[in-house]
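Okay, protein32.csv now, which holds CSV, C-alpha atoms:
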chain,number,residue,atom,x,y,z
A,19,MET,CA,-85.7,-73.2,-51.7
A,20,ASN,CA,-88.3,-71.5,-53.8
A,21,PRO,CA,-86.6,-69.7,-56.8
A,22,THR,CA,-88.6,-66.5,-56.2
A,23,VAL,CA,-87.5,-66.4,-52.6
A,24,GLY,CA,-83.9,-67.0,-53.6
A,25,ILE,CA,-83.9,-64.1,-56.1
A,26,ALA,CA,-85.5,-61.8,-53.5
A,27,VAL,CA,-82.8,-62.7,-51.0
A,28,ILE,CA,-80.0,-62.0,-53.6
A,29,LEU,CA,-81.6,-58.7,-54.5
A,30,THR,CA,-81.9,-57.7,-50.9
A,31,VAL,CA,-78.2,-58.4,-50.3
A,32,LEU,CA,-77.1,-56.6,-53.4
A,33,GLN,CA,-79.3,-53.6,-52.5
A,34,ALA,CA,-77.8,-53.5,-49.0
A,35,ALA,CA,-74.2,-53.5,-50.3
A,36,GLN,CA,-72.6,-50.2,-50.6
A,37,CYS,CA,-75.3,-48.2,-48.9
A,38,GLN,CA,-72.8,-45.5,-48.1
A,39,MET,CA,-69.1,-45.1,-48.9
A,40,ILE,CA,-66.6,-42.6,-47.7
A,41,LYS,CA,-65.2,-40.8,-50.7
A,42,ASP,CA,-62.7,-38.4,-49.2
A,43,LEU,CA,-61.3,-37.4,-45.8
A,44,SER,CA,-59.4,-34.1,-45.6
A,45,ALA,CA,-58.2,-31.7,-42.8
A,46,CYS,CA,-57.5,-28.0,-42.7
A,47,LEU,CA,-57.0,-25.1,-40.2
A,48,LEU,CA,-59.9,-22.7,-39.7
A,49,GLY,CA,-58.4,-20.0,-37.5
A,50,GLN,CA,-57.3,-21.9,-34.4
A,51,SER,CA,-59.6,-24.8,-35.0
A,52,LEU,CA,-59.0,-28.1,-36.9
A,53,ARG,CA,-61.7,-29.0,-39.4
A,54,VAL,CA,-61.9,-32.6,-40.7
A,55,ASP,CA,-64.2,-33.1,-43.6
A,56,CYS,CA,-65.6,-36.6,-44.2
A,57,ARG,CA,-67.3,-36.7,-47.6
A,58,TYR,CA,-69.4,-39.7,-48.5
A,59,GLU,CA,-71.8,-41.1,-51.0
A,60,ASN,CA,-75.1,-42.3,-49.6
A,61,LYS,CA,-77.4,-44.5,-51.6
A,62,THR,CA,-80.0,-44.9,-48.9
A,63,SER,CA,-82.3,-42.7,-46.9
A,64,ASN,CA,-81.5,-44.6,-43.7
A,65,PRO,CA,-80.1,-42.5,-40.8
A,66,LEU,CA,-76.3,-42.1,-40.7
A,67,THR,CA,-74.2,-42.6,-37.6
A,68,TYR,CA,-70.6,-41.4,-37.3
A,69,GLU,CA,-67.6,-41.5,-35.1
A,70,PHE,CA,-64.5,-39.2,-35.2
A,71,SER,CA,-61.5,-40.4,-33.3
A,72,ILE,CA,-57.8,-39.8,-33.0
A,73,THR,CA,-55.1,-42.4,-32.5
A,74,LYS,CA,-52.0,-41.2,-30.8
A,75,ASP,CA,-49.5,-43.1,-28.6
A,76,ASN,CA,-51.0,-46.3,-30.0
A,77,ARG,CA,-54.3,-45.5,-28.2
A,78,LYS,CA,-57.7,-44.6,-29.8
A,79,HIS,CA,-59.5,-41.5,-28.4
A,80,VAL,CA,-63.1,-40.9,-29.4
A,81,ILE,CA,-63.7,-37.2,-30.1
A,82,GLN,CA,-67.3,-37.1,-31.2
A,83,SER,CA,-69.7,-40.0,-31.9
A,84,THR,CA,-73.2,-41.3,-32.3
A,85,ILE,CA,-71.8,-44.8,-32.2
A,86,SER,CA,-69.9,-44.8,-28.8
A,87,VAL,CA,-69.1,-42.5,-25.9
A,88,SER,CA,-66.8,-39.5,-26.6
A,89,GLU,CA,-64.0,-38.7,-24.2
A,90,ASN,CA,-64.6,-35.6,-22.0
A,91,VAL,CA,-61.2,-34.0,-22.9
A,92,TYR,CA,-62.3,-33.7,-26.6
A,93,ARG,CA,-66.1,-33.4,-26.2
A,94,SER,CA,-65.9,-30.0,-24.6
A,95,ARG,CA,-64.0,-28.4,-27.5
A,96,SER,CA,-65.4,-30.3,-30.5
A,97,ASN,CA,-68.6,-30.4,-32.5
A,98,VAL,CA,-69.9,-32.0,-35.6
A,99,THR,CA,-72.0,-30.6,-38.4
A,100,MET,CA,-73.8,-32.7,-41.1
A,101,HIS,CA,-74.6,-31.4,-44.5
A,102,LYS,CA,-75.6,-33.3,-47.6
A,103,ASN,CA,-72.9,-36.0,-48.1
A,104,LEU,CA,-70.6,-34.2,-45.7
A,105,VAL,CA,-69.9,-34.7,-42.0
A,106,CYS,CA,-67.5,-32.1,-40.5
A,107,LEU,CA,-65.6,-32.3,-37.2
A,108,TYR,CA,-64.4,-29.1,-35.7
A,109,LEU,CA,-61.8,-29.2,-32.9
A,110,GLN,CA,-61.3,-25.8,-31.2
A,111,SER,CA,-57.9,-24.7,-29.8
A,112,PHE,CA,-56.0,-27.1,-32.0
A,113,THR,CA,-52.4,-27.6,-30.9
A,114,THR,CA,-49.5,-29.9,-31.7
A,115,SER,CA,-50.6,-32.1,-28.8
A,116,ASP,CA,-53.7,-32.9,-30.9
A,117,GLU,CA,-51.6,-34.2,-33.8
A,118,GLY,CA,-52.2,-37.9,-34.8
A,119,VAL,CA,-54.1,-40.1,-37.1
A,120,TYR,CA,-57.8,-39.0,-37.3
A,121,MET,CA,-60.4,-41.5,-38.3
A,122,CYS,CA,-63.9,-41.0,-39.7
A,123,GLU,CA,-66.2,-44.0,-39.3
A,124,LEU,CA,-69.7,-44.0,-40.9
A,125,LYS,CA,-72.5,-46.5,-40.7
A,126,ALA,CA,-76.0,-46.3,-42.2
A,127,THR,CA,-78.8,-47.9,-40.1
A,128,ASN,CA,-79.6,-51.3,-41.4
A,129,ASP,CA,-76.5,-51.4,-43.6
A,130,TYR,CA,-75.2,-54.9,-43.4
A,131,THR,CA,-71.9,-54.3,-45.2
A,132,GLY,CA,-70.3,-52.9,-42.1
A,133,ASN,CA,-68.8,-49.5,-41.2
A,134,GLN,CA,-66.9,-47.4,-43.6
A,135,ILE,CA,-63.6,-46.1,-42.2
A,136,LYS,CA,-61.0,-43.7,-43.5
A,137,ASN,CA,-57.9,-42.2,-41.8
A,138,ILE,CA,-55.8,-39.1,-42.2
A,139,THR,CA,-52.6,-38.1,-40.5
A,140,VAL,CA,-52.8,-34.6,-39.1
A,141,ILE,CA,-49.6,-32.6,-38.4
A,142,LYS,CA,-50.3,-28.9,-37.5
A,143,ASP,CA,-47.3,-27.5,-39.4
A,144,LYS,CA,-48.4,-29.3,-42.6
A,145,LEU,CA,-52.0,-28.3,-42.5
A,146,GLU,CA,-53.4,-25.9,-45.1
A,147,LYS,CA,-55.8,-23.1,-44.2
A,148,CYS,CA,-59.4,-23.9,-45.1
A,149,ALA,CA,-60.5,-22.1,-48.2
A,150,GLY,CA,-63.2,-19.5,-47.6
A,151,PHE,CA,-64.8,-20.1,-51.0
A,152,SER,CA,-65.1,-23.8,-50.4
A,153,LEU,CA,-66.9,-23.1,-47.1
A,154,LEU,CA,-69.3,-20.8,-49.0
A,155,ILE,CA,-70.0,-23.5,-51.6
A,156,GLN,CA,-70.7,-26.2,-49.0
A,157,ASN,CA,-73.3,-24.1,-47.2
A,158,THR,CA,-74.9,-22.2,-50.1
A,159,SER,CA,-77.0,-23.3,-53.0
A,160,TRP,CA,-75.7,-22.9,-56.5
A,161,LEU,CA,-78.5,-20.7,-57.5
A,162,LEU,CA,-77.7,-18.2,-54.7
A,163,LEU,CA,-74.0,-18.3,-55.7
A,164,LEU,CA,-75.0,-17.5,-59.3
A,165,LEU,CA,-77.2,-14.6,-58.2
A,166,LEU,CA,-74.4,-13.2,-56.0
A,167,SER,CA,-71.9,-13.5,-58.8
A,168,LEU,CA,-74.0,-11.6,-61.5
A,169,PRO,CA,-72.8,-8.1,-60.4
A,170,LEU,CA,-69.2,-9.3,-60.7
A,171,LEU,CA,-69.9,-10.7,-64.2
A,172,GLN,CA,-71.6,-7.5,-65.3
A,173,ALA,CA,-68.6,-5.5,-63.9
A,174,VAL,CA,-66.1,-7.6,-65.9
A,175,ASP,CA,-68.3,-7.2,-69.0
A,176,PHE,CA,-68.4,-3.4,-68.5
A,177,VAL,CA,-64.6,-3.2,-68.0
A,178,SER,CA,-63.9,-5.1,-71.3
A,179,LEU,CA,-66.0,-2.6,-73.3
Starting from the coordinates I provided, produce the structure as structure tokens.
Amino acid sequence: MNPTVGIAVILTVLQAAQCQMIKDLSACLLGQSLRVDCRYENKTSNPLTYEFSITKDNRKHVIQSTISVSENVYRSRSNVTMHKNLVCLYLQSFTTSDEGVYMCELKATNDYTGNQIKNITVIKDKLEKCAGFSLLIQNTSWLLLLLLSLPLLQAVDFVSL
């Protein structure tokens, strides 16, 4: 094999490795809905596919997916939003019958390292409420947050005088 071709192959394989990696999977209650946040690091501009599923009674149920077909029972009361490095599953009318092990599976197109998978056990009585401020941070630019907080900072400065 030509040494130049060999080096090119090795560099291609190394570049394909770790195209995306799930960093964190968390769940919280947003009113009567379950929110599952799947945070990832993406090192490629390739399109991302996802699958959210639940395992209960030793059976996997697909909730929302671009990889496979979702089950009707979940599809009608769930949706997914994608932000920069965050895929969120929302499951409306969350009850104890929806408890189980939730899975987030991500795959970048042309990523030969395989799918990234992370699980979280969700029990309704143990879920925290979603923090309103964190929702604001996820959907708002830092510059806008800074501008919105200026009146608060001025008020604090005035009170301290």
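For the residues A:Ser115, A:Thr62, A:Gln110, A:Thr67, ranking by smallest atom-to-atom distance to Ser96 of chain A using only C-alpha atoms places A:Gln110 first.
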Using only C-alpha atoms, which residues sit within 12 Å of Asp55 of chain A once same-chain residues fewer than 5 positions away are excluded, as a PyMOL selection string? chain A and resi 40-48+70+98-101+103-109+120-123+136-138+148+152-153+156
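With all atoms listed in the file as the atoms that count, the residue of A:Asn64, A:Ser94, A:Thr114, A:Ser71 with the shortest distance to Asn128 of chain A is A:Asn64.
Closest approach to Gln82 of chain A among A:Gly49, A:Asn133, A:Lys144, A:Val54 is made by A:Val54 (distances from only C-alpha atoms).
Interatomic distance, atom CA of Arg77 of chain A against atom CA of Asp143 of chain A: 22.3 Å.
Restricting the calculation to only C-alpha atoms, the smallest distance between Ser83 of chain A and any of A:Thr127, A:Gln134, A:Asn97, A:Thr113 is found for A:Asn97.
Coordinates place atom CA of Gln50 of chain A at a distance of 25.2 Å from atom CA of Thr84 of chain A.
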May I ask for the distance between atom CA of Asp75 of chain A and atom CA of Gly118 of chain A, given in Å to one decimal place? 8.5 Å
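Considering the residues A:Thr139, A:Lys74, A:Tyr68, A:Leu52 and counting all atoms listed in the file, Ser88 of chain A has its shortest atom-to-atom contact with A:Tyr68.
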